[in-house]
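**Student:** If you scroll down you'll find the structure; I have some questions about it.
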Amino acid sequence: MASAITTLAADAPTLSAANTGFMLICSALVMLMTPGLAFFYGGMVRVKSSLNMLMMSFISLGIVTILWVLYGFSLAFGTDSGSLIGWNSDYVGLSGIGITELWDGYTIPVYVFAVFQLMFAVITPALISGALADRVKFGAWVLFTGLWVTVVYFPVAHWVWGAGGWLFELGVIDFAGGTAVHINAGAAALGVILVIGKRVGFKKDPMRPHSLPLVMLGAGLLWFGWFGFNAGSWLGNDDGVGAVMFVNTQVATAAAMLAWLGYEKLRHGSFTTLGAASGAVAGLVAITPSGGAVSPLGAIAIGVIAGLLCAMAVGLKYKFGYDDSLDVIGVHLVGGVVGSLLVGLFATGGVQSDVAGLFYGGGLEQLGKQAIGVFAVLAYSLVASALLALLLDKTIGMRVSEDDEVAGIDQVEHAETAYDFSGAGGGAASRTTAAPAPSAASKKVDA
Amino acid sequence: MKLITAIVKPHKLDEIKEALQAFGVQGLTVTEASGYGRQRGHTEVYRGAEYQVDLVPKIRIEVLVDDSDAEELIRVIVSAAATGKIGDGKVWSVPVDSVVRVRTGERGADAL
């Protein structure tokens, strides 16, 4: 995160109970973002695929957690090798870390840093899933998630945040994950959908969100959890930077929500619920890389610009004909690019680093660095993700059959449906029958 | 005898029920329905993508009445259901050959 930017105190840091407690709470807040995202996405799909959408996020809590402990933390934050990847055998299985051993230069244990970062690794692949609604085999998605974090997320996290990572050394500012999380996930989404193609009926059949209240619930949980995501990224709270980040997160999100709503009122005639939720998320995305560098007024400007540009961008899929089902590109990629680049304009030089942007007397140098960070992560993630999807598509196949997609992926992949619509009394008795009880013979076998 | 069927806006159900009771109707059947008339539903917008929603929710009310009451009853329903705005619905009547009360086996006007 911000480890190289922090000035190390002359005295060796000691464990701070306050910072450690604060960071554990922040980690739990970031964890909540993934089920929040699941609801945000889950409400936006049709009834027949809502469980699959929830599961594509939820499974990330399982698979990425285990891979992070086994080798992910080591690859992302181990000792640098060639500015491209890290490794530290003590981090493998988190087995060689003392419980009071501090993260280098900070007042929190390595364990706390590792678990905070874990939550970022969990949500990033989950973000991709919004582009793949309704049509991807769940097993293929699980494999993709495992491969993607290994090949794309862990290295990119090292580039951006790891001591010695090349973007980090270059001076690219990504306070809490505009490039490593949002541009990374957005570009990956584009790479995968270029391989797997559109949903059956895209642009022909109505694909209305089945539950906007779920979308609002998810957006609210994301907004709440995002305070941990952003304010926690200073890894402590000794100097007020985390508090500025907290304020900027709230301010930019509010501004982006209003901007999105204003745009759609003018353009489409209504203030929509989905617009409010989407605008809020666009603002959260844009302030993520930039919030540690700007003033609250700068955060308002960033929120307004992100809200407007993302609102415009979500229509592009219909123009270009790619099926980014839930607008991962329109919101996360575009929002991430906007926020990352605007650091080069709005950085005041007075918060997390002394780097000033163009509007604060800093010239174009930082904007150039930000552009390199944006382009490098975008290009790598796009190509690597497309290749991974191609590999899976050619071997086990990425998509369910057309018939299964039309019937509904929930039934086919999960043997469940989200809601029981079977009528009076809410019971399914009239339409379903219980599976036959196991026979005596099979019971004996089980025993 | 006549079967009077009314397809109306859902929020008008209570007013129509009260008007029918005041008129002296003993029973009715209500079902949820959906459909469209000349106005063809409405448009919804999700992130700028517009969806035409043709089938809008309606209530279908059915009442069996004696021939002599049919015209007056249609008037009662229409006046209770009307808002003057588009999509108020339709009321029609059709002749009914026979009616039997299941519990007693009574037929015709006695079964109403």
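Each chain in the structure tokens gets a letter, A, B, ..., in the order shown, and its residues are numbered from 1; ligands are numbered from 1 in order too.
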Any idea which chain B residues end up within 7 Å of chain A if we count only C-alpha atoms, as a VMD selection string please?

**Tutor:** chain B and resid 46 to 48 51

**Student:** May I have a table of the residues of region 36-86 of chain B lying at most 8 Å from region 7-29 of chain B, giving each one's closest pair of atoms and their distance in Å to one decimal, counting only C-alpha atoms, ordered by chain and ascending residue number, as CSV?

**Tutor:**
residue,atom,partner,partner_atom,distance
B:Pro57,CA,B:Pro10,CA,7.2
B:Lys58,CA,B:Lys9,CA,5.2
B:Ile59,CA,B:Pro10,CA,5.1
B:Arg60,CA,B:Ile7,CA,4.5
B:Ile61,CA,B:Thr29,CA,5.7
B:Glu62,CA,B:Thr29,CA,5.2
B:Val63,CA,B:Leu28,CA,5.0
B:Leu64,CA,B:Leu28,CA,7.6
B:Val65,CA,B:Val25,CA,7.9
B:Leu73,CA,B:Phe23,CA,7.7
B:Val76,CA,B:Ala19,CA,6.6
B:Ile77,CA,B:Ile16,CA,6.0
B:Ala80,CA,B:Ile16,CA,5.3
B:Ala81,CA,B:Lys12,CA,5.7

**Student:** Pick the closest to Gly21 (chain A) from A:Met216, A:Ala389, A:Leu235, A:Val294: which is it, counting only C-alpha atoms?

**Tutor:**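 The answer is A:Leu235, which sits nearest to Gly21 (chain A).
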
**Student:** Between CA of Val172 (chain A) and CA of Pro155 (chain A), measure the distance and give it in Å to one decimal.

**Tutor:**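 Interatomic distance here is 15.8 Å.
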
**Student:** Would you please extract all alpha helix (DSSP H) residues from region 339-384 of chain A, as assigned by DSSP on the backbone, and give them as a PyMOL selection string?

**Tutor:** chain A and resi 339-346+365-384

**Student:** Which residues, written as a list in words, have at least one atom at most 8 Å from Val281 (chain A), with only C-alpha atoms counted and residues fewer than 3 positions away on the same chain left out?

**Tutor:**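 Those residues are Ala219, Leu222, Trp223, Thr253, Ala277, Ser278, Leu284, Val285 and Val331 of chain A.
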
**Student:** Could you check the closest approach to Gly130 (chain A) for each of A:Phe40, A:Phe375, A:Phe113, A:Tyr263 and tell me which residue wins, using only C-alpha atoms?

**Tutor:** A:Phe40

**Student:** Check the DSSP output for the backbone and give back, as a ChimeraX atom specification, the residues of chain B in strand (DSSP E or B).

**Tutor:** /B:2-8,29-35,42-46,49-53,56-65,89-95,100,107

**Student:** Pick out the residues sitting within 12 Å of Phe229 (chain A), and hand them over as an MDAnalysis selection string; count only C-alpha atoms, and ignore anything fewer than 2 positions along from it in its own chain.

**Tutor:** chainID A and resid 1 22:34 116:121 123 175:178 181 222:227 231:235 242 245:246 249 284:285 287:289 291

**Student:** Which neighbours of Ala188 (chain A) fall inside 7 Å, counting only C-alpha atoms, when residues of the same chain fewer than 4 positions from it are skipped, and could you give them as a list in words?

**Tutor:**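 That gives Ile128, Asn184, Val192, Ser381, Leu382 and Ser385 of chain A.
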
**Student:** Go ahead and write the residues just picked, N, CA and C atoms, as an mmCIF file, in the first residue's frame.

**Tutor:**
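Written file, selection.cif:
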data_model
loop_
_atom_site.group_PDB
_atom_site.id
_atom_site.type_symbol
_atom_site.label_atom_id
_atom_site.label_comp_id
_atom_site.auth_asym_id
_atom_site.auth_seq_id
_atom_site.Cartn_x
_atom_site.Cartn_y
_atom_site.Cartn_z
ATOM 1 N N ILE A 128 -14.684 -9.102 -11.168
ATOM 2 C CA ILE A 128 -14.718 -9.507 -12.581
ATOM 3 C C ILE A 128 -16.041 -10.187 -12.914
ATOM 4 N N ASN A 184 -7.410 -3.406 -12.768
ATOM 5 C CA ASN A 184 -7.037 -4.812 -12.927
ATOM 6 C C ASN A 184 -8.278 -5.678 -13.189
ATOM 7 N N VAL A 192 -11.872 -11.447 -20.575
ATOM 8 C CA VAL A 192 -12.633 -12.705 -20.520
ATOM 9 C C VAL A 192 -13.845 -12.657 -21.447
ATOM 10 N N SER A 381 -3.279 -7.137 -17.553
ATOM 11 C CA SER A 381 -4.455 -7.858 -17.074
ATOM 12 C C SER A 381 -5.349 -8.283 -18.231
ATOM 13 N N LEU A 382 -5.509 -7.392 -19.200
ATOM 14 C CA LEU A 382 -6.351 -7.701 -20.363
ATOM 15 C C LEU A 382 -5.823 -8.927 -21.104
ATOM 16 N N SER A 385 -5.602 -12.234 -18.788
ATOM 17 C CA SER A 385 -6.928 -12.764 -18.457
ATOM 18 C C SER A 385 -7.580 -13.407 -19.668
#

**Student:** Identify which of the residues B:Ala33, B:Val102, B:Ala6, B:Ala109 lies closest to Asp69 (chain B), counting only C-alpha atoms when measuring atom-to-atom distances.

**Tutor:** B:Ala109

**Student:** Write out as an NGL selection string each polymer residue whose atoms come within 10 Å of region 347-355 of chain A, counting only C-alpha atoms; drop sequence neighbours fewer than 6 positions from it.

**Tutor:** :A and (2 or 5-7 or 171 or 173 or 175 or 234 or 239-242 or 244-245 or 290-295 or 298 or 361-362 or 365-367)

**Student:** Considering only C-alpha atoms, return as a compact mmCIF listing (two decimals) with N, CA and C atoms, in the first residue's frame whatever protein or nucleic-acid residues lie within 12 Å of Tyr380 (chain A), sequence-local ones (same chain, fewer than 6 positions apart) excluded.

**Tutor:**
# COMPACT_ATOMS: atom_id res chain seq x y z
N TRP A 148 -6.27 -16.85 -11.93
CA TRP A 148 -6.17 -15.40 -12.16
C TRP A 148 -5.45 -14.70 -11.02
N VAL A 151 -1.69 -15.63 -11.41
CA VAL A 151 -0.96 -15.10 -12.57
C VAL A 151 -1.08 -13.59 -12.68
N VAL A 152 -2.21 -13.05 -12.26
CA VAL A 152 -2.44 -11.61 -12.46
C VAL A 152 -2.43 -10.82 -11.14
N TYR A 153 -3.29 -11.18 -10.18
CA TYR A 153 -3.43 -10.30 -9.02
C TYR A 153 -2.17 -10.26 -8.15
N PRO A 155 1.04 -10.87 -8.76
CA PRO A 155 2.13 -10.07 -9.34
C PRO A 155 1.80 -8.57 -9.40
N VAL A 156 0.57 -8.24 -9.85
CA VAL A 156 0.24 -6.82 -9.99
C VAL A 156 0.23 -6.12 -8.62
N TRP A 159 3.75 -5.32 -8.01
CA TRP A 159 4.22 -4.16 -8.79
C TRP A 159 3.81 -2.85 -8.13
N THR A 179 -5.48 0.97 -9.41
CA THR A 179 -4.89 0.15 -10.48
C THR A 179 -4.91 -1.32 -10.11
N ALA A 180 -4.40 -1.65 -8.92
CA ALA A 180 -4.25 -3.07 -8.56
C ALA A 180 -5.60 -3.78 -8.45
N ILE A 183 -8.81 -1.21 -11.99
CA ILE A 183 -8.40 -1.31 -13.39
C ILE A 183 -8.05 -2.76 -13.71
N ASN A 184 -7.41 -3.41 -12.77
CA ASN A 184 -7.04 -4.81 -12.93
C ASN A 184 -8.28 -5.68 -13.19
N ALA A 185 -9.29 -5.53 -12.35
CA ALA A 185 -10.51 -6.34 -12.52
C ALA A 185 -11.28 -5.94 -13.77
N GLY A 186 -11.36 -4.64 -14.04
CA GLY A 186 -12.10 -4.17 -15.21
C GLY A 186 -11.47 -4.65 -16.51
N ALA A 187 -10.14 -4.57 -16.59
CA ALA A 187 -9.46 -5.03 -17.80
C ALA A 187 -9.58 -6.54 -17.94
N ALA A 188 -9.53 -7.25 -16.81
CA ALA A 188 -9.69 -8.70 -16.85
C ALA A 188 -11.08 -9.06 -17.37
N LEU A 190 -12.91 -7.38 -19.41
CA LEU A 190 -12.92 -7.18 -20.86
C LEU A 190 -12.22 -8.35 -21.56
N GLY A 191 -11.07 -8.77 -21.02
CA GLY A 191 -10.34 -9.88 -21.61
C GLY A 191 -11.17 -11.16 -21.66
N ILE A 372 1.38 5.66 -16.94
CA ILE A 372 2.16 4.43 -17.13
C ILE A 372 1.57 3.31 -16.28
N GLY A 373 1.24 3.65 -15.02
CA GLY A 373 0.65 2.64 -14.13
C GLY A 373 -0.66 2.11 -14.68
N VAL A 374 -1.51 3.04 -15.13
CA VAL A 374 -2.82 2.65 -15.68
C VAL A 374 -2.63 1.73 -16.88
N ALA A 386 -7.41 -12.78 -20.84
CA ALA A 386 -7.96 -13.36 -22.06
C ALA A 386 -7.31 -14.71 -22.33
N LEU A 387 -5.99 -14.80 -22.12
CA LEU A 387 -5.29 -16.06 -22.37
C LEU A 387 -5.75 -17.14 -21.39
